[in-house]
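Novice: Here you go, data-v2.tsv (TSV, C-alpha atoms and all ligand atoms):
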chain	number	residue	atom	x	y	z
A	11	MET	CA	-95.74	-62.98	-128.77
A	12	THR	CA	-97.21	-60.42	-126.34
A	13	ALA	CA	-99.80	-61.78	-123.89
A	14	TYR	CA	-102.74	-59.45	-123.27
A	15	SER	CA	-105.45	-59.74	-120.62
A	16	ASP	CA	-107.32	-56.41	-120.68
A	17	ILE	CA	-107.57	-56.38	-124.45
A	18	GLN	CA	-107.90	-59.01	-127.15
A	19	VAL	CA	-105.80	-58.58	-130.28
A	20	ASP	CA	-106.86	-60.60	-133.32
A	21	THR	CA	-104.57	-61.79	-136.09
A	22	PRO	CA	-104.72	-59.26	-138.95
A	23	TYR	CA	-107.15	-60.20	-141.71
A	24	ASN	CA	-107.43	-58.41	-145.07
A	25	GLY	CA	-105.05	-55.75	-143.76
A	26	VAL	CA	-107.20	-55.01	-140.69
A	27	GLN	CA	-106.36	-55.69	-137.07
A	28	LEU	CA	-109.21	-55.85	-134.59
A	29	ILE	CA	-108.55	-54.86	-130.98
A	30	ARG	CA	-111.29	-55.52	-128.42
A	31	LEU	CA	-111.38	-53.98	-124.97
A	32	ASN	CA	-111.82	-56.97	-122.71
A	33	ARG	CA	-112.82	-55.87	-119.19
A	34	HIS	CA	-116.48	-56.51	-119.62
A	35	ASP	CA	-117.15	-57.00	-115.88
A	36	ALA	CA	-115.95	-53.44	-115.26
A	37	HIS	CA	-117.69	-51.95	-118.32
A	38	ASN	CA	-114.25	-51.82	-120.00
A	39	ALA	CA	-113.05	-49.22	-117.49
A	40	LEU	CA	-109.69	-47.98	-118.75
A	41	ARG	CA	-107.31	-48.89	-115.95
A	42	THR	CA	-103.66	-47.99	-116.53
A	43	ALA	CA	-102.78	-51.60	-117.39
A	44	LEU	CA	-105.43	-51.64	-120.14
A	45	LEU	CA	-104.12	-48.41	-121.64
A	46	GLY	CA	-100.60	-49.86	-121.46
A	47	GLU	CA	-101.69	-52.98	-123.36
A	48	LEU	CA	-103.44	-50.82	-125.93
A	49	ALA	CA	-100.32	-48.70	-126.41
A	50	THR	CA	-98.20	-51.86	-126.78
A	51	ALA	CA	-100.63	-53.37	-129.30
A	52	LEU	CA	-100.76	-50.19	-131.39
A	53	ALA	CA	-96.97	-49.82	-131.32
A	54	ALA	CA	-96.75	-53.42	-132.60
A	55	ALA	CA	-99.44	-52.77	-135.24
A	56	ALA	CA	-97.48	-49.72	-136.43
A	57	GLU	CA	-94.53	-52.01	-137.20
A	58	ASP	CA	-96.54	-54.93	-138.60
A	59	LYS	CA	-96.65	-54.82	-142.43
A	60	ARG	CA	-99.76	-57.02	-142.43
A	61	VAL	CA	-101.68	-54.26	-140.62
A	62	ARG	CA	-102.89	-51.37	-142.75
A	63	ALA	CA	-105.77	-50.25	-140.52
A	64	VAL	CA	-106.99	-50.97	-136.99
A	65	VAL	CA	-110.50	-51.24	-135.56
A	66	ILE	CA	-110.92	-50.81	-131.84
A	67	THR	CA	-114.13	-51.92	-130.20
A	68	GLY	CA	-115.66	-52.77	-126.84
A	69	SER	CA	-118.47	-55.17	-126.01
A	70	GLU	CA	-121.95	-55.21	-127.50
A	71	LYS	CA	-123.21	-53.17	-124.52
A	72	VAL	CA	-120.31	-50.86	-123.65
A	73	PHE	CA	-117.45	-49.35	-125.60
A	74	ALA	CA	-115.80	-48.07	-122.40
A	75	ALA	CA	-117.21	-46.39	-119.29
A	76	GLY	CA	-114.17	-44.19	-118.76
A	77	ALA	CA	-111.12	-44.22	-116.53
A	78	ASP	CA	-111.24	-46.87	-113.82
A	79	ILE	CA	-112.80	-44.91	-110.97
A	80	LYS	CA	-111.79	-47.53	-108.39
A	81	GLU	CA	-108.15	-47.35	-109.48
A	82	MET	CA	-108.31	-43.55	-109.65
A	83	ALA	CA	-109.70	-43.36	-106.11
A	84	ALA	CA	-106.49	-44.90	-104.77
A	85	LEU	CA	-104.23	-42.29	-106.40
A	86	ASP	CA	-103.50	-38.85	-104.95
A	87	ALA	CA	-102.12	-35.99	-107.07
A	88	VAL	CA	-98.55	-37.28	-106.86
A	89	GLY	CA	-99.68	-40.82	-107.69
A	90	LEU	CA	-101.57	-39.52	-110.73
A	91	TRP	CA	-98.54	-37.48	-111.77
A	92	LYS	CA	-96.25	-40.52	-111.62
A	93	ASP	CA	-98.76	-42.76	-113.40
A	94	GLN	CA	-97.86	-43.99	-116.89
A	95	ARG	CA	-101.20	-43.01	-118.44
A	96	PRO	CA	-99.97	-39.86	-120.27
A	97	GLN	CA	-97.22	-41.89	-121.96
A	98	HIS	CA	-99.76	-44.53	-123.03
A	99	TRP	CA	-102.09	-41.85	-124.40
A	100	GLN	CA	-99.13	-40.34	-126.26
A	101	THR	CA	-98.41	-43.71	-127.96
A	102	ILE	CA	-102.07	-44.08	-128.92
A	103	ARG	CA	-102.12	-40.50	-130.23
A	104	SER	CA	-99.05	-41.02	-132.41
A	105	PHE	CA	-100.35	-44.19	-134.13
A	106	SER	CA	-99.80	-43.37	-137.80
A	107	LYS	CA	-102.12	-45.90	-139.49
A	108	PRO	CA	-105.89	-45.41	-139.84
A	109	LEU	CA	-107.72	-46.15	-136.57
A	110	ILE	CA	-111.49	-46.67	-136.45
A	111	ALA	CA	-113.55	-46.86	-133.25
A	112	SER	CA	-116.59	-49.16	-133.46
A	113	VAL	CA	-118.89	-48.01	-130.66
A	114	ASN	CA	-121.90	-49.74	-129.13
A	115	GLY	CA	-123.52	-48.73	-125.86
A	116	TYR	CA	-121.85	-46.46	-123.33
A	117	CYS	CA	-118.86	-44.43	-124.53
A	118	LEU	CA	-118.08	-42.24	-121.55
A	119	GLY	CA	-115.33	-40.15	-120.02
A	120	GLY	CA	-111.94	-41.61	-120.94
A	121	GLY	CA	-113.84	-44.04	-123.19
A	122	MET	CA	-115.17	-41.15	-125.24
A	123	GLU	CA	-111.70	-39.63	-125.23
A	124	LEU	CA	-110.31	-42.92	-126.54
A	125	ALA	CA	-112.94	-42.97	-129.31
A	126	MET	CA	-111.96	-39.40	-130.19
A	127	HIS	CA	-108.32	-40.52	-130.52
A	128	ALA	CA	-109.53	-42.70	-133.40
A	129	ASP	CA	-109.63	-41.18	-136.88
A	130	MET	CA	-113.33	-41.89	-137.17
A	131	ILE	CA	-116.13	-43.33	-135.06
A	132	ILE	CA	-118.76	-45.73	-136.37
A	133	ALA	CA	-121.58	-45.86	-133.83
A	134	GLY	CA	-124.49	-48.19	-133.29
A	135	GLU	CA	-127.90	-46.59	-132.72
A	136	ASP	CA	-127.57	-47.76	-129.11
A	137	ALA	CA	-124.41	-45.69	-128.47
A	138	ARG	CA	-124.44	-43.11	-125.67
A	139	PHE	CA	-121.67	-40.52	-125.53
A	140	GLY	CA	-120.81	-38.41	-122.52
A	141	GLN	CA	-118.13	-36.76	-120.40
A	142	PRO	CA	-119.58	-37.40	-116.93
A	143	GLU	CA	-116.37	-36.53	-115.02
A	144	ILE	CA	-118.09	-33.45	-113.60
A	145	ASN	CA	-120.28	-35.81	-111.52
A	146	LEU	CA	-117.08	-36.98	-109.80
A	147	GLY	CA	-115.85	-33.45	-109.12
A	148	ILE	CA	-113.23	-33.65	-111.87
A	149	ILE	CA	-112.89	-32.80	-115.57
A	150	PRO	CA	-111.86	-34.88	-118.61
A	151	GLY	CA	-108.16	-35.68	-118.38
A	152	ALA	CA	-107.25	-37.27	-121.72
A	153	GLY	CA	-107.96	-34.44	-124.12
A	154	GLY	CA	-111.76	-34.33	-123.86
A	155	THR	CA	-112.06	-30.59	-123.33
A	156	GLN	CA	-109.84	-29.90	-126.34
A	157	ARG	CA	-110.92	-32.58	-128.85
A	158	LEU	CA	-114.61	-32.17	-128.13
A	159	VAL	CA	-114.59	-28.45	-128.95
A	160	ARG	CA	-112.78	-29.13	-132.22
A	161	SER	CA	-115.15	-31.95	-133.03
A	162	VAL	CA	-118.60	-30.65	-132.03
A	163	GLY	CA	-118.02	-26.95	-131.28
A	164	LYS	CA	-118.16	-24.96	-128.07
A	165	ALA	CA	-121.86	-25.11	-127.26
A	166	LEU	CA	-122.25	-28.89	-127.23
A	167	ALA	CA	-118.80	-29.40	-125.68
A	168	MET	CA	-119.77	-27.09	-122.83
A	169	LYS	CA	-123.12	-28.86	-122.39
A	170	LEU	CA	-121.53	-32.31	-122.23
A	171	VAL	CA	-118.59	-31.39	-120.00
A	172	LEU	CA	-120.45	-29.05	-117.62
A	173	SER	CA	-123.66	-31.07	-117.22
A	174	GLY	CA	-122.41	-34.64	-117.54
A	175	GLU	CA	-125.49	-35.41	-119.70
A	176	PHE	CA	-125.20	-37.99	-122.48
A	177	ILE	CA	-126.07	-37.68	-126.16
A	178	ASN	CA	-127.24	-40.52	-128.39
A	179	ALA	CA	-125.76	-41.71	-131.68
A	180	ARG	CA	-128.04	-39.61	-133.88
A	181	GLU	CA	-127.18	-36.44	-131.94
A	182	ALA	CA	-123.48	-37.38	-132.18
A	183	LEU	CA	-123.84	-37.83	-135.95
A	184	ALA	CA	-125.59	-34.48	-136.35
A	185	ALA	CA	-122.84	-32.82	-134.29
A	186	GLY	CA	-120.04	-34.35	-136.38
A	187	LEU	CA	-118.64	-36.51	-133.60
A	188	VAL	CA	-119.28	-39.76	-135.45
A	189	ALA	CA	-118.90	-40.58	-139.13
A	190	GLU	CA	-121.78	-43.05	-139.46
A	191	VAL	CA	-124.60	-44.62	-137.44
A	192	THR	CA	-125.59	-48.24	-137.97
A	193	GLN	CA	-128.03	-50.73	-136.54
A	194	PRO	CA	-126.42	-51.92	-133.29
A	195	GLU	CA	-125.79	-55.47	-134.51
A	196	LEU	CA	-124.06	-54.20	-137.68
A	197	THR	CA	-121.63	-51.68	-136.16
A	198	LEU	CA	-118.52	-53.86	-136.01
A	199	LYS	CA	-119.28	-55.39	-139.42
A	200	ARG	CA	-119.52	-51.92	-140.99
A	201	ALA	CA	-116.43	-50.61	-139.15
A	202	THR	CA	-114.45	-53.64	-140.33
A	203	ALA	CA	-115.68	-53.32	-143.92
A	204	LEU	CA	-114.74	-49.64	-143.93
A	205	ALA	CA	-111.31	-50.51	-142.47
A	206	GLU	CA	-110.83	-53.11	-145.24
A	207	THR	CA	-111.68	-50.51	-147.88
A	208	ILE	CA	-109.18	-48.12	-146.32
A	209	ALA	CA	-106.59	-50.92	-145.99
A	210	SER	CA	-106.73	-51.50	-149.74
A	211	LYS	CA	-105.41	-47.97	-150.43
A	212	SER	CA	-101.78	-46.86	-150.60
A	213	PRO	CA	-100.27	-46.98	-147.08
A	214	ILE	CA	-98.07	-43.97	-147.85
A	215	ALA	CA	-100.99	-41.88	-149.12
A	216	LEU	CA	-103.04	-42.93	-146.07
A	217	ARG	CA	-100.31	-41.92	-143.68
A	218	LEU	CA	-99.77	-38.54	-145.30
A	219	ALA	CA	-103.52	-37.89	-145.57
A	220	LYS	CA	-103.94	-38.66	-141.85
A	221	GLU	CA	-100.97	-36.46	-140.95
A	222	ALA	CA	-102.28	-33.58	-143.06
A	223	ILE	CA	-105.79	-33.74	-141.60
A	224	LEU	CA	-104.52	-33.96	-138.02
A	225	ALA	CA	-102.14	-31.05	-138.69
A	226	SER	CA	-105.19	-28.87	-139.40
A	227	TYR	CA	-105.85	-28.88	-135.63
A	228	GLU	CA	-102.46	-27.40	-134.90
A	229	THR	CA	-101.61	-25.08	-137.80
A	230	PRO	CA	-102.92	-21.91	-139.44
A	231	LEU	CA	-104.54	-22.51	-142.88
A	232	SER	CA	-101.54	-21.23	-144.83
A	233	GLN	CA	-99.17	-23.70	-143.10
A	234	GLY	CA	-101.67	-26.54	-143.46
A	235	LEU	CA	-102.00	-25.87	-147.20
A	236	GLU	CA	-98.21	-25.82	-147.52
A	237	LEU	CA	-97.95	-29.14	-145.69
A	238	GLU	CA	-100.62	-30.65	-147.96
A	239	ARG	CA	-98.81	-29.38	-151.07
A	240	LYS	CA	-95.52	-30.95	-149.96
A	241	ALA	CA	-97.18	-34.25	-149.14
A	242	PHE	CA	-98.95	-34.19	-152.52
A	243	LEU	CA	-95.64	-33.57	-154.32
A	244	PHE	CA	-93.89	-36.28	-152.31
A	245	LEU	CA	-96.56	-38.80	-153.36
A	246	ALA	CA	-95.78	-38.06	-157.01
A	247	ALA	CA	-92.49	-39.89	-156.47
A	248	THR	CA	-94.08	-43.11	-155.19
A	249	GLN	CA	-94.67	-46.37	-157.07
A	250	ASP	CA	-98.13	-46.45	-155.51
A	251	ARG	CA	-99.12	-43.28	-157.36
A	252	GLN	CA	-97.91	-44.80	-160.64
A	253	GLU	CA	-99.78	-48.01	-159.84
A	254	GLY	CA	-102.98	-46.11	-158.99
A	255	ILE	CA	-102.90	-44.16	-162.24
A	256	ASP	CA	-101.87	-47.20	-164.35
A	257	ALA	CA	-104.63	-49.31	-162.80
A	258	PHE	CA	-107.22	-46.62	-163.55
A	259	LEU	CA	-106.11	-46.34	-167.18
A	260	GLU	CA	-105.93	-50.14	-167.61
A	261	LYS	CA	-109.38	-50.54	-165.98
A	262	ARG	CA	-108.17	-52.92	-163.24
A	263	PRO	CA	-108.03	-52.72	-159.44
A	264	PRO	CA	-104.76	-51.22	-158.12
A	265	GLN	CA	-102.31	-53.23	-156.02
A	266	PHE	CA	-100.67	-50.81	-153.61
A	267	THR	CA	-97.44	-51.95	-152.00
A	268	GLY	CA	-96.48	-48.96	-149.89
A	269	GLN	CA	-93.49	-48.14	-152.10
A	301	LIG	N1	-114.61	-47.40	-113.37
A	301	LIG	C1	-114.62	-48.50	-112.62
A	301	LIG	N2	-115.67	-49.36	-112.61
A	301	LIG	C2	-116.73	-49.07	-113.36
A	301	LIG	C3	-116.79	-47.93	-114.17
A	301	LIG	C4	-115.66	-47.06	-114.17
A	301	LIG	N3	-115.58	-45.97	-114.95
A	301	LIG	N4	-117.97	-47.90	-114.81
A	301	LIG	C5	-118.62	-49.01	-114.42
A	301	LIG	N5	-117.90	-49.71	-113.54
A	301	LIG	C6	-118.23	-50.94	-112.88
A	301	LIG	C7	-119.26	-50.72	-111.78
A	301	LIG	O1	-118.64	-50.30	-110.57
A	301	LIG	C8	-119.87	-52.10	-111.68
A	301	LIG	O2	-118.98	-52.95	-110.97
A	301	LIG	P1	-119.52	-53.89	-109.78
A	301	LIG	O3	-120.43	-54.87	-110.48
A	301	LIG	O4	-118.29	-54.50	-109.23
A	301	LIG	O5	-120.25	-53.01	-108.84
A	301	LIG	C9	-119.88	-52.59	-113.12
A	301	LIG	O6	-118.88	-51.80	-113.79
A	301	LIG	C10	-121.22	-52.34	-113.80
A	301	LIG	O7	-121.56	-50.96	-113.64
A	301	LIG	P2	-123.01	-50.46	-113.19
A	301	LIG	O8	-123.62	-51.43	-112.23
A	301	LIG	O9	-122.89	-49.04	-112.74
A	301	LIG	O10	-123.78	-50.58	-114.59
A	301	LIG	P3	-125.04	-49.76	-115.09
A	301	LIG	O11	-125.44	-50.42	-116.37
A	301	LIG	O12	-126.06	-49.59	-114.03
A	301	LIG	O13	-124.49	-48.27	-115.44
A	301	LIG	C11	-122.91	-46.73	-116.42
A	301	LIG	C12	-123.61	-48.09	-116.51
A	301	LIG	C13	-123.92	-45.60	-116.68
A	301	LIG	C14	-121.83	-46.69	-117.48
A	301	LIG	C15	-122.32	-46.54	-114.99
A	301	LIG	O14	-121.53	-47.68	-114.69
A	301	LIG	C16	-121.45	-45.32	-114.85
A	301	LIG	O15	-121.96	-44.21	-114.72
A	301	LIG	N6	-120.10	-45.50	-114.84
A	301	LIG	C17	-119.15	-44.45	-114.61
A	301	LIG	C18	-119.04	-43.51	-115.81
A	301	LIG	C19	-118.08	-42.39	-115.51
A	301	LIG	O16	-118.25	-41.61	-114.58
A	301	LIG	N7	-117.02	-42.27	-116.33
A	301	LIG	C20	-115.99	-41.25	-116.17
A	301	LIG	C21	-114.84	-41.82	-115.40
A	301	LIG	S1	-113.60	-40.61	-115.00
A	301	LIG	C22	-112.68	-40.43	-116.41
A	301	LIG	O17	-112.93	-41.09	-117.42
A	301	LIG	C23	-111.54	-39.46	-116.30
A	301	LIG	C24	-110.77	-39.22	-117.55
A	301	LIG	O18	-111.26	-38.64	-118.49
A	301	LIG	C25	-109.38	-39.61	-117.67
Please re-express this file's structure in structure tokens.
Specialist:
Amino acid sequence: MTAYSDIQVDTPYNGVQLIRLNRHDAHNALRTALLGELATALAAAAEDKRVRAVVITGSEKVFAAGADIKEMAALDAVGLWKDQRPQHWQTIRSFSKPLIASVNGYCLGGGMELAMHADMIIAGEDARFGQPEINLGIIPGAGGTQRLVRSVGKALAMKLVLSGEFINAREALAAGLVAEVTQPELTLKRATALAETIASKSPIALRLAKEAILASYETPLSQGLELERKAFLFLAATQDRQEGIDAFLEKRPPQFTGQ
């Protein structure tokens, strides 16, 4: 059993694993050790058949205030180059099961980049999103400049990254950064309920749907459509597809097994 200190990993329940960032004294600043624990936990969740979806959250006041500035201050360019962070981000990025970020309070810098690694963000009305790296004389370093443009478009991405100003949850919803806004005290409950709904679907269909949607960032439309077609045809050979159709016709809930 892996011991974690910077994160808390709950036992899966109803197919959902909850991961909490657990450095509340430092506003959940993402030091390298925390990212390493997160990568380890997600790699384990990827292998764990009990886990069909993951919710990642912070505290009630802060999702994460970004990279750990104190740790970063001690690293020069060579130190940053040798650091394990890119490998940890790569593991997080390649997590193949649905990942939901439940965000309350500040979601800044690397914290916002972490939330954007999730497949969807559920935000409390108290959430504040920003890429304030420019205030430190740097720029986002975990995909912020790239994911933000794809998520909210050039104008807002430029505003956030060049000014360091924050946006609130409603603005983030209007811009397409978040999927839903809730009352602050209901955010985790809603994110978990949504994860449970997702966890009840076919794991194979979920995985291929996630892959196909993420591929749209990387491929021209014609290739993306081809990939979708192949995934669709592949699913026709699964027991889960038969079960889904049988259950519909027999007017009962489906039981998907991932076969
Ligand atoms: N790194 C390290 N420590 C941090 C931190 C961070 N990113 N953010 C907050 N903390 C620490 C503070 O130093 C403070 O610790 P002490 O009590 O030991 O002094 C504690 O958390 C509480 O912080 P504040 O007193 O500042 O709390 P506040 O409520 O007044 O302000 C805040 C909250 C607006 C989030 C403010 O803390 C802040 O601006 N934090 C930095 C945000 C930031 O610049 N993030 C980008 C980091 S760089 C990055 O992320 C690069 C990348 O993309 C890879």
Novice: Residues at most 8 Å from ligand LIG 301 (chain A), using only C-alpha atoms and all ligand atoms? Could they come as a PyMOL selection string?
Specialist: chain A and resi 34-41+72+74-81+116-121+123+141-143+145-146+148-154
Novice: Which is closer to Asp93 (chain A) than all the others in A:Gln252, A:Thr42, A:Ser161, A:Ser210, using all atoms listed in the file?
Specialist: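 Between A:Gln252, A:Thr42, A:Ser161, A:Ser210, the residue approaching Asp93 (chain A) most closely is A:Thr42.
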Novice: Would you please work out which residue, of A:Thr229, A:Gln18, A:Gln193, A:Gln94, is nearest to Ala179 (chain A) when using all atoms listed in the file?
Specialist: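 Residue with the minimum atom-to-atom distance to Ala179 (chain A): A:Gln193.
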Novice: Counting all atoms listed in the file, figure out which residue out of A:Ile132, A:Leu31, A:Val19, A:Ala83 gets nearest to Ala55 (chain A).
Specialist: A:Val19
Novice: How many Å separate CA of Asn24 (chain A) from CA of Ala201 (chain A)?
Specialist: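 CA of Asn24 (chain A) sits 13.3 Å away from CA of Ala201 (chain A).
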Novice: Just give me the gap between CA of Phe176 (chain A) and CA of Leu224 (chain A) in Å, one decimal is fine.
Specialist: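 Taking CA of Phe176 (chain A) as the start and CA of Leu224 (chain A) as the end point, the length is 26.2 Å.
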Novice: If we count all atoms listed in the file and set the cut-off at 8 Å, which residues sit around His98 (chain A), ignoring sequence neighbours fewer than 5 positions away in its own chain? Please answer as a count of residues only.
Specialist: 4
Novice: Hey, can you check how far CA of Glu190 (chain A) sits from CA of Ala133 (chain A)?
Specialist: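 Straight-line distance from CA of Glu190 (chain A) to CA of Ala133 (chain A) works out to 6.3 Å.
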Novice: Considering all atoms listed in the file, state which residue in the set A:Ser226, A:Gln156, A:Ser106, A:Thr192 is at the smallest distance from Glu238 (chain A).
Specialist: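 Among the listed residues, A:Ser226 lies closest to Glu238 (chain A).
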Novice: Which residue gives the smallest distance to Thr50 (chain A) among A:Tyr23, A:Phe242, A:Tyr14, A:Phe139, with only C-alpha atoms counted?
Specialist: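 When distances to Thr50 (chain A) are compared using only C-alpha atoms, the smallest one comes from A:Tyr14.
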Novice: When you look at region 181-186 of chain A with a cut-off of 12 Å (counting all atoms listed in the file), what residues show up, excluding the ones that are within fewer than 4 positions of it in the same chain? I need them as a compact mmCIF listing (two decimals) with C-alpha atoms, in the coordinates of the input.
Specialist:
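Result file is selection21.txt:
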# COMPACT_ATOMS: atom_id res chain seq x y z
CA VAL A 113 -118.89 -48.01 -130.66
CA CYS A 117 -118.86 -44.43 -124.53
CA MET A 122 -115.17 -41.15 -125.24
CA MET A 126 -111.96 -39.40 -130.19
CA MET A 130 -113.33 -41.89 -137.17
CA ILE A 131 -116.13 -43.33 -135.06
CA ILE A 132 -118.76 -45.73 -136.37
CA ALA A 133 -121.58 -45.86 -133.83
CA GLY A 134 -124.49 -48.19 -133.29
CA GLU A 135 -127.90 -46.59 -132.72
CA ASP A 136 -127.57 -47.76 -129.11
CA ALA A 137 -124.41 -45.69 -128.47
CA ARG A 138 -124.44 -43.11 -125.67
CA PHE A 139 -121.67 -40.52 -125.53
CA GLY A 140 -120.81 -38.41 -122.52
CA ARG A 157 -110.92 -32.58 -128.85
CA LEU A 158 -114.61 -32.17 -128.13
CA VAL A 159 -114.59 -28.45 -128.95
CA ARG A 160 -112.78 -29.13 -132.22
CA SER A 161 -115.15 -31.95 -133.03
CA VAL A 162 -118.60 -30.65 -132.03
CA GLY A 163 -118.02 -26.95 -131.28
CA LYS A 164 -118.16 -24.96 -128.07
CA ALA A 165 -121.86 -25.11 -127.26
CA LEU A 166 -122.25 -28.89 -127.23
CA ALA A 167 -118.80 -29.40 -125.68
CA LEU A 170 -121.53 -32.31 -122.23
CA PHE A 176 -125.20 -37.99 -122.48
CA ILE A 177 -126.07 -37.68 -126.16
CA GLU A 190 -121.78 -43.05 -139.46
CA VAL A 191 -124.60 -44.62 -137.44
CA THR A 192 -125.59 -48.24 -137.97
Novice: Need to verify the contact set: Thr267 (chain A), 12 Å, all atoms listed in the file, exclusion of same-chain residues closer than 3 positions in sequence. Can you return it as an MDAnalysis selection string?
Specialist: chainID A and resid 25 59:60 62 209:215 248:254 264
Novice: A:Leu259, A:Val188, A:Gln269, A:Asn114: which is nearest Phe73 (chain A), counting all atoms listed in the file?
Specialist: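 The shortest atom-to-atom distance to Phe73 (chain A) comes from A:Asn114.
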